[in-house]
Amino acid sequence: MANDVIVVIGSGGIGLAIARRQGFGKTVLLADFSETVLQAAVDGMTAAGYTVEAQGVDVASRESVRALAGKAASLGSVTQVINTAGLSPNMASPAKVLEVDLYGSAVVFEEFEHVIARGGAGLVISSMAGHMMPPLPADQEHALAFAPADELLNLPILKGDAVPNSLVAYMIAKRANHLRAQAAAMSWGARGARVNSISPGIIVTPLAQHELNSEIGDGYRAMIAASPSKRMAPPEEIAVAASYLLGPDAGFITGSDLLIDGGVIAAMRAGKLPVPD
């Protein structure tokens with residue numbers, strides 16, 4: 001029997017929760033940019049009885065992602081690929097946010113398309129921020145969806161004054177994640193595989209804690225207060241939804257985005273929250 005391999009890129013809160021939920025009886029290949037985060041995830045899952053492999057990865061490097069895809073294929077049949085890697089607006093410059101959150105996600109789609117098994121599924125963790133901006137002009141959305149990954153960062157929409165700060169870069173990147181998932185659904189579909197995105201709201205992770213303790217923390221607290229749910233969510237709630245999208249019950253779902261935000265975007269649409277500029 002072929003060994004099923006699940007690849008999880010980004011071994012922090014959401015990535016680790018998905019790995020633990022999806023990894024029963026499988027080989028889990030964990031990958032992360034941070035050696036410290038990666039080792040902690042490997043140690044914890046190994047101690048819990050999972051079969052775990054590890055490899056460092058920089059999603060902003062095609063060579064690094066290609067090496068990860070090769071490692072995954074060498075371990076068995078690559079049935080699931082989950083990309084949770086990303087930088088928040090308060091963590092990096094606009095250029096770096098675009099490099100990791102937009103280009104990196106596109107490269108993961110492109111490289112793992114070559115190794116995903118028939119019947120397999122991919123998932124990128126995007127963000128509710130991708131729903132905070134109105135649709136872009138059709139030609140710009142088409143370019144973000146279908147331009148080869150190595151051409152993305154040279155698109156006029158991503159140059160100079162078009163991206164004035166890291167928040168705008170983040171929103172565009174997350175919108176692009178939805179568009180790239182739609183585009184990848186076509187090419188992955190030719191291999192008999194599916195791909196989708198999830199757009200979480202404020203999840204209780206170290207990244208969210210970093211934002212809450214930053215100068216934009218009051219904005220996060222306002223979103224929680226205005227939302228119908230009036231709370232943050234644990235990573236395990238995202239893992240439940242990911243399990244559905246990655247599994248056989250979601251066999252008719254591909255190229256879709258699932259918004260899981262406790263109603264923050266609904267509150268914005270209702271005028272309870274300002275829409276970011």
# chains A, B, ... in the order shown; residues from 1 in each chain; ligands from 1
call {"tool": "residues_around", "arguments": {"residues": "segment 138-154 of chain A", "least_positions_apart": "6", "cutoff": "9 Å", "atoms": "only C-alpha atoms", "output": "ChimeraX atom specification"}}
result
/A:62,95,98-99,102-107,110,175-184
call {"tool": "write_last_selection", "arguments": {"atoms": "N, CA, C and O atoms", "output": "compact mmCIF listing (two decimals), in the first residue's frame"}}
result
# COMPACT_ATOMS: atom_id res chain seq x y z
N ARG A 62 11.78 29.77 -5.05
CA ARG A 62 11.27 28.64 -5.83
C ARG A 62 12.12 27.41 -5.61
O ARG A 62 11.60 26.28 -5.52
N ALA A 95 6.95 45.12 0.45
CA ALA A 95 7.62 44.24 -0.51
C ALA A 95 7.75 42.83 0.05
O ALA A 95 7.54 41.83 -0.66
N LEU A 98 4.34 40.98 0.13
CA LEU A 98 4.00 40.49 -1.21
C LEU A 98 4.85 39.29 -1.60
O LEU A 98 4.35 38.34 -2.22
N GLU A 99 6.10 39.31 -1.23
CA GLU A 99 7.02 38.23 -1.58
C GLU A 99 6.60 36.92 -0.95
O GLU A 99 6.61 35.86 -1.60
N LEU A 102 2.03 36.52 -1.34
CA LEU A 102 1.51 36.43 -2.71
C LEU A 102 2.39 35.52 -3.57
O LEU A 102 1.95 34.45 -4.00
N TYR A 103 3.62 35.92 -3.79
CA TYR A 103 4.52 35.13 -4.62
C TYR A 103 4.71 33.73 -4.03
O TYR A 103 4.65 32.72 -4.74
N GLY A 104 4.94 33.65 -2.73
CA GLY A 104 5.17 32.36 -2.10
C GLY A 104 4.02 31.40 -2.28
O GLY A 104 4.20 30.22 -2.58
N SER A 105 2.79 31.91 -2.11
CA SER A 105 1.63 31.05 -2.31
C SER A 105 1.52 30.57 -3.75
O SER A 105 1.18 29.41 -4.02
N ALA A 106 1.80 31.47 -4.69
CA ALA A 106 1.73 31.10 -6.10
C ALA A 106 2.76 30.03 -6.44
O ALA A 106 2.48 29.08 -7.18
N VAL A 107 3.95 30.15 -5.90
CA VAL A 107 5.00 29.16 -6.16
C VAL A 107 4.62 27.80 -5.57
O VAL A 107 4.85 26.75 -6.20
N GLU A 110 2.27 26.18 -7.92
CA GLU A 110 2.93 25.74 -9.15
C GLU A 110 3.81 24.51 -8.93
O GLU A 110 3.78 23.56 -9.72
N ARG A 175 -6.29 38.72 -1.37
CA ARG A 175 -7.22 38.67 -2.50
C ARG A 175 -6.65 37.81 -3.61
O ARG A 175 -7.34 36.98 -4.22
N ALA A 176 -5.35 37.97 -3.86
CA ALA A 176 -4.69 37.17 -4.89
C ALA A 176 -4.69 35.69 -4.54
O ALA A 176 -4.77 34.84 -5.44
N ASN A 177 -4.62 35.35 -3.26
CA ASN A 177 -4.69 33.94 -2.87
C ASN A 177 -5.99 33.31 -3.36
O ASN A 177 -6.00 32.17 -3.86
N HIS A 178 -7.10 34.04 -3.22
CA HIS A 178 -8.39 33.52 -3.69
C HIS A 178 -8.36 33.32 -5.20
O HIS A 178 -8.82 32.30 -5.72
N LEU A 179 -7.80 34.31 -5.90
CA LEU A 179 -7.74 34.25 -7.36
C LEU A 179 -6.81 33.15 -7.84
O LEU A 179 -7.11 32.44 -8.81
N ARG A 180 -5.68 32.98 -7.16
CA ARG A 180 -4.73 31.92 -7.55
C ARG A 180 -5.33 30.54 -7.30
O ARG A 180 -5.07 29.59 -8.06
N ALA A 181 -6.12 30.41 -6.23
CA ALA A 181 -6.77 29.12 -5.97
C ALA A 181 -7.76 28.79 -7.08
O ALA A 181 -7.87 27.64 -7.52
N GLN A 182 -8.49 29.81 -7.55
CA GLN A 182 -9.41 29.58 -8.67
C GLN A 182 -8.65 29.14 -9.92
O GLN A 182 -9.05 28.21 -10.61
N ALA A 183 -7.56 29.84 -10.21
CA ALA A 183 -6.77 29.49 -11.40
C ALA A 183 -6.15 28.11 -11.25
O ALA A 183 -6.16 27.31 -12.20
N ALA A 184 -5.60 27.82 -10.07
CA ALA A 184 -4.96 26.52 -9.85
C ALA A 184 -5.96 25.39 -9.90
O ALA A 184 -5.61 24.25 -10.23
call {"tool": "residues_around", "arguments": {"residues": "Gly192 of chain A", "least_positions_apart": "2", "cutoff": "8 Å", "atoms": "only C-alpha atoms", "output": "mmCIF file with C-alpha atoms, in the first residue's frame"}}
result
data_model
loop_
_atom_site.group_PDB
_atom_site.id
_atom_site.type_symbol
_atom_site.label_atom_id
_atom_site.label_comp_id
_atom_site.auth_asym_id
_atom_site.auth_seq_id
_atom_site.Cartn_x
_atom_site.Cartn_y
_atom_site.Cartn_z
ATOM 1 C CA ALA A 117 -1.631 12.654 -6.362
ATOM 2 C CA ARG A 118 -4.814 12.010 -8.300
ATOM 3 C CA GLY A 119 -7.650 12.531 -5.850
ATOM 4 C CA GLY A 120 -5.431 14.807 -3.767
ATOM 5 C CA TRP A 188 -4.718 20.878 -10.599
ATOM 6 C CA GLY A 189 -8.024 19.569 -11.918
ATOM 7 C CA ALA A 190 -6.230 18.282 -14.996
ATOM 8 C CA ARG A 194 -8.612 19.969 -6.054
#
call {"tool": "atom_distance", "arguments": {"atom1": "atom CA of Ser34 of chain A", "atom2": "atom CA of Ser199 of chain A"}}
result
23.1 Å
call {"tool": "closest_atom_pairs", "arguments": {"of": "segment 141-201 of chain A", "to": "segment 64-85 of chain A", "cutoff": "10 Å", "atoms": "only C-alpha atoms", "output": "Markdown table"}}
result
| residue | atom | partner | partner_atom | distance |
| --- | --- | --- | --- | --- |
| A:Ala193 | CA | A:Thr79 | CA | 8.8 |
| A:Arg194 | CA | A:Gln80 | CA | 9.6 |
| A:Val195 | CA | A:Val81 | CA | 9.0 |
| A:Asn196 | CA | A:Ile82 | CA | 9.8 |
| A:Ser197 | CA | A:Asn83 | CA | 9.4 |
| A:Ile198 | CA | A:Thr84 | CA | 9.8 |
call {"tool": "atom_distance", "arguments": {"atom1": "atom CA of Gly86 of chain A", "atom2": "atom CA of Val7 of chain A"}}
result
15.9 Å
call {"tool": "residues_around", "arguments": {"residues": "Leu259 of chain A", "least_positions_apart": "2", "cutoff": "10 Å", "atoms": "only C-alpha atoms", "output": "list in words"}}
result
Ser126, Ser127, Met128, Gly130, His131, Ser197, Ile198, Ser199, Pro200, Gly201, Ser256, Asp257, Asp261, Gly262, Gly263, Val264 and Ile265 of chain A
call {"tool": "residues_around", "arguments": {"residues": "segment 158-171 of chain A", "least_positions_apart": "5", "cutoff": "8 Å", "atoms": "only C-alpha atoms", "output": "list in words"}}
result
Ser88, Pro89, Asn90, Ala92, Ser93, Pro94, Ala95, Val97, Leu98, Asp101, Ala129, Gly130, His131, Met132, Met133, Leu153 and Asp277 of chain A
call {"tool": "select_by_dssp", "arguments": {"residues": "segment 144-219 of chain A", "states": "alpha helix (DSSP H)", "output": "ChimeraX atom specification"}}
result
/A:144-146,149-152,166-189,206-212,217-219
call {"tool": "residues_around", "arguments": {"residues": "Gln22 of chain A", "least_positions_apart": "5", "cutoff": "12 Å", "atoms": "only C-alpha atoms", "output": "PyMOL selection string"}}
result
chain A and resi 4-8+15-17+27-29+45+50-51+79-82+236+239-247
call {"tool": "write_last_selection", "arguments": {"atoms": "N, CA and C atoms", "output": "PDB file, in the first residue's frame"}}
result
ATOM      1  N   ASP A   4       0.663   7.479   2.241  1.00  0.00           N
ATOM      2  CA  ASP A   4       0.090   8.799   2.003  1.00  0.00           C
ATOM      3  C   ASP A   4       0.882   9.857   2.756  1.00  0.00           C
ATOM      4  N   VAL A   5       1.180  10.943   2.052  1.00  0.00           N
ATOM      5  CA  VAL A   5       1.980  12.030   2.613  1.00  0.00           C
ATOM      6  C   VAL A   5       1.145  13.299   2.650  1.00  0.00           C
ATOM      7  N   ILE A   6       1.165  13.953   3.794  1.00  0.00           N
ATOM      8  CA  ILE A   6       0.510  15.241   3.981  1.00  0.00           C
ATOM      9  C   ILE A   6       1.593  16.280   4.224  1.00  0.00           C
ATOM     10  N   VAL A   7       1.598  17.332   3.443  1.00  0.00           N
ATOM     11  CA  VAL A   7       2.592  18.392   3.568  1.00  0.00           C
ATOM     12  C   VAL A   7       1.943  19.601   4.219  1.00  0.00           C
ATOM     13  N   VAL A   8       2.541  20.095   5.285  1.00  0.00           N
ATOM     14  CA  VAL A   8       2.041  21.298   5.955  1.00  0.00           C
ATOM     15  C   VAL A   8       3.167  22.324   5.983  1.00  0.00           C
ATOM     16  N   GLY A  15      -1.235  25.783  11.173  1.00  0.00           N
ATOM     17  CA  GLY A  15      -0.595  24.671  10.492  1.00  0.00           C
ATOM     18  C   GLY A  15      -0.491  23.444  11.376  1.00  0.00           C
ATOM     19  N   LEU A  16      -0.108  23.648  12.610  1.00  0.00           N
ATOM     20  CA  LEU A  16       0.046  22.515  13.527  1.00  0.00           C
ATOM     21  C   LEU A  16      -1.307  21.890  13.845  1.00  0.00           C
ATOM     22  N   ALA A  17      -2.336  22.715  14.017  1.00  0.00           N
ATOM     23  CA  ALA A  17      -3.672  22.176  14.296  1.00  0.00           C
ATOM     24  C   ALA A  17      -4.164  21.322  13.128  1.00  0.00           C
ATOM     25  N   THR A  27       2.128   9.948   6.762  1.00  0.00           N
ATOM     26  CA  THR A  27       3.405  10.615   6.998  1.00  0.00           C
ATOM     27  C   THR A  27       3.171  12.118   6.852  1.00  0.00           C
ATOM     28  N   VAL A  28       3.490  12.863   7.890  1.00  0.00           N
ATOM     29  CA  VAL A  28       3.308  14.310   7.874  1.00  0.00           C
ATOM     30  C   VAL A  28       4.663  14.964   7.635  1.00  0.00           C
ATOM     31  N   LEU A  29       4.773  15.695   6.548  1.00  0.00           N
ATOM     32  CA  LEU A  29       5.982  16.460   6.257  1.00  0.00           C
ATOM     33  C   LEU A  29       5.734  17.899   6.675  1.00  0.00           C
ATOM     34  N   MET A  45       4.564  16.576  17.801  1.00  0.00           N
ATOM     35  CA  MET A  45       3.810  15.572  17.062  1.00  0.00           C
ATOM     36  C   MET A  45       4.428  14.181  17.190  1.00  0.00           C
ATOM     37  N   TYR A  50       2.667  10.594  16.059  1.00  0.00           N
ATOM     38  CA  TYR A  50       2.571  10.786  14.616  1.00  0.00           C
ATOM     39  C   TYR A  50       3.884  10.400  13.936  1.00  0.00           C
ATOM     40  N   THR A  51       3.797  10.058  12.662  1.00  0.00           N
ATOM     41  CA  THR A  51       4.974   9.839  11.837  1.00  0.00           C
ATOM     42  C   THR A  51       5.297  11.160  11.145  1.00  0.00           C
ATOM     43  N   THR A  79      -0.885  13.405  -0.964  1.00  0.00           N
ATOM     44  CA  THR A  79      -2.344  13.475  -1.061  1.00  0.00           C
ATOM     45  C   THR A  79      -2.911  14.807  -0.588  1.00  0.00           C
ATOM     46  N   GLN A  80      -2.194  15.525   0.270  1.00  0.00           N
ATOM     47  CA  GLN A  80      -2.688  16.808   0.769  1.00  0.00           C
ATOM     48  C   GLN A  80      -1.520  17.776   0.929  1.00  0.00           C
ATOM     49  N   VAL A  81      -1.741  19.016   0.516  1.00  0.00           N
ATOM     50  CA  VAL A  81      -0.750  20.079   0.669  1.00  0.00           C
ATOM     51  C   VAL A  81      -1.448  21.281   1.285  1.00  0.00           C
ATOM     52  N   ILE A  82      -0.980  21.707   2.423  1.00  0.00           N
ATOM     53  CA  ILE A  82      -1.584  22.827   3.139  1.00  0.00           C
ATOM     54  C   ILE A  82      -0.534  23.910   3.339  1.00  0.00           C
ATOM     55  N   GLU A 236      -7.986  25.205  16.157  1.00  0.00           N
ATOM     56  CA  GLU A 236      -8.689  23.942  15.903  1.00  0.00           C
ATOM     57  C   GLU A 236      -9.979  24.141  15.105  1.00  0.00           C
ATOM     58  N   ALA A 239      -8.953  24.075  11.633  1.00  0.00           N
ATOM     59  CA  ALA A 239      -8.582  22.707  11.256  1.00  0.00           C
ATOM     60  C   ALA A 239      -9.812  21.869  10.926  1.00  0.00           C
ATOM     61  N   VAL A 240     -10.922  22.105  11.619  1.00  0.00           N
ATOM     62  CA  VAL A 240     -12.163  21.372  11.325  1.00  0.00           C
ATOM     63  C   VAL A 240     -12.616  21.669   9.898  1.00  0.00           C
ATOM     64  N   ALA A 241     -12.620  22.951   9.530  1.00  0.00           N
ATOM     65  CA  ALA A 241     -13.033  23.338   8.175  1.00  0.00           C
ATOM     66  C   ALA A 241     -12.043  22.824   7.136  1.00  0.00           C
ATOM     67  N   ALA A 242     -10.751  22.889   7.466  1.00  0.00           N
ATOM     68  CA  ALA A 242      -9.734  22.385   6.542  1.00  0.00           C
ATOM     69  C   ALA A 242      -9.919  20.900   6.288  1.00  0.00           C
ATOM     70  N   SER A 243     -10.252  20.160   7.329  1.00  0.00           N
ATOM     71  CA  SER A 243     -10.450  18.719   7.196  1.00  0.00           C
ATOM     72  C   SER A 243     -11.576  18.417   6.202  1.00  0.00           C
ATOM     73  N   TYR A 244     -12.635  19.202   6.271  1.00  0.00           N
ATOM     74  CA  TYR A 244     -13.735  19.016   5.316  1.00  0.00           C
ATOM     75  C   TYR A 244     -13.278  19.308   3.891  1.00  0.00           C
ATOM     76  N   LEU A 245     -12.626  20.457   3.676  1.00  0.00           N
ATOM     77  CA  LEU A 245     -12.223  20.839   2.322  1.00  0.00           C
ATOM     78  C   LEU A 245     -11.184  19.901   1.733  1.00  0.00           C
ATOM     79  N   LEU A 246     -10.372  19.293   2.571  1.00  0.00           N
ATOM     80  CA  LEU A 246      -9.339  18.382   2.106  1.00  0.00           C
ATOM     81  C   LEU A 246      -9.854  16.960   1.895  1.00  0.00           C
ATOM     82  N   GLY A 247     -11.036  16.657   2.429  1.00  0.00           N
ATOM     83  CA  GLY A 247     -11.526  15.290   2.439  1.00  0.00           C
ATOM     84  C   GLY A 247     -12.504  14.964   1.333  1.00  0.00           C
TER      85      GLY A 247
END
call {"tool": "select_by_dssp", "arguments": {"residues": "segment 35-222 of chain A", "states": "strand (DSSP E)", "output": "count of residues only"}}
result
30
call {"tool": "atom_distance", "arguments": {"atom1": "atom CA of Val42 of chain A", "atom2": "atom CA of Glu113 of chain A"}}
result
25.2 Å
call {"tool": "residues_around", "arguments": {"residues": "Pro235 of chain A", "least_positions_apart": "5", "cutoff": "8 Å", "atoms": "only C-alpha atoms", "output": "compact mmCIF listing (two decimals) with N, CA and C atoms, in the first residue's frame"}}
result
# COMPACT_ATOMS: atom_id res chain seq x y z
N GLY A 13 0.50 27.93 14.72
CA GLY A 13 -0.79 27.58 15.30
C GLY A 13 -1.74 26.86 14.36
N ILE A 14 -2.11 27.49 13.24
CA ILE A 14 -3.08 26.88 12.33
C ILE A 14 -2.47 25.67 11.63
N ALA A 17 -2.34 22.71 14.02
CA ALA A 17 -3.67 22.18 14.30
C ALA A 17 -4.16 21.32 13.13
N ILE A 203 -7.64 34.62 14.75
CA ILE A 203 -7.43 33.30 15.35
C ILE A 203 -6.39 33.43 16.46
N VAL A 204 -6.58 32.67 17.52
CA VAL A 204 -5.68 32.75 18.67
C VAL A 204 -4.37 32.03 18.33
N THR A 205 -3.45 32.79 17.75
CA THR A 205 -2.13 32.28 17.39
C THR A 205 -1.09 33.29 17.85
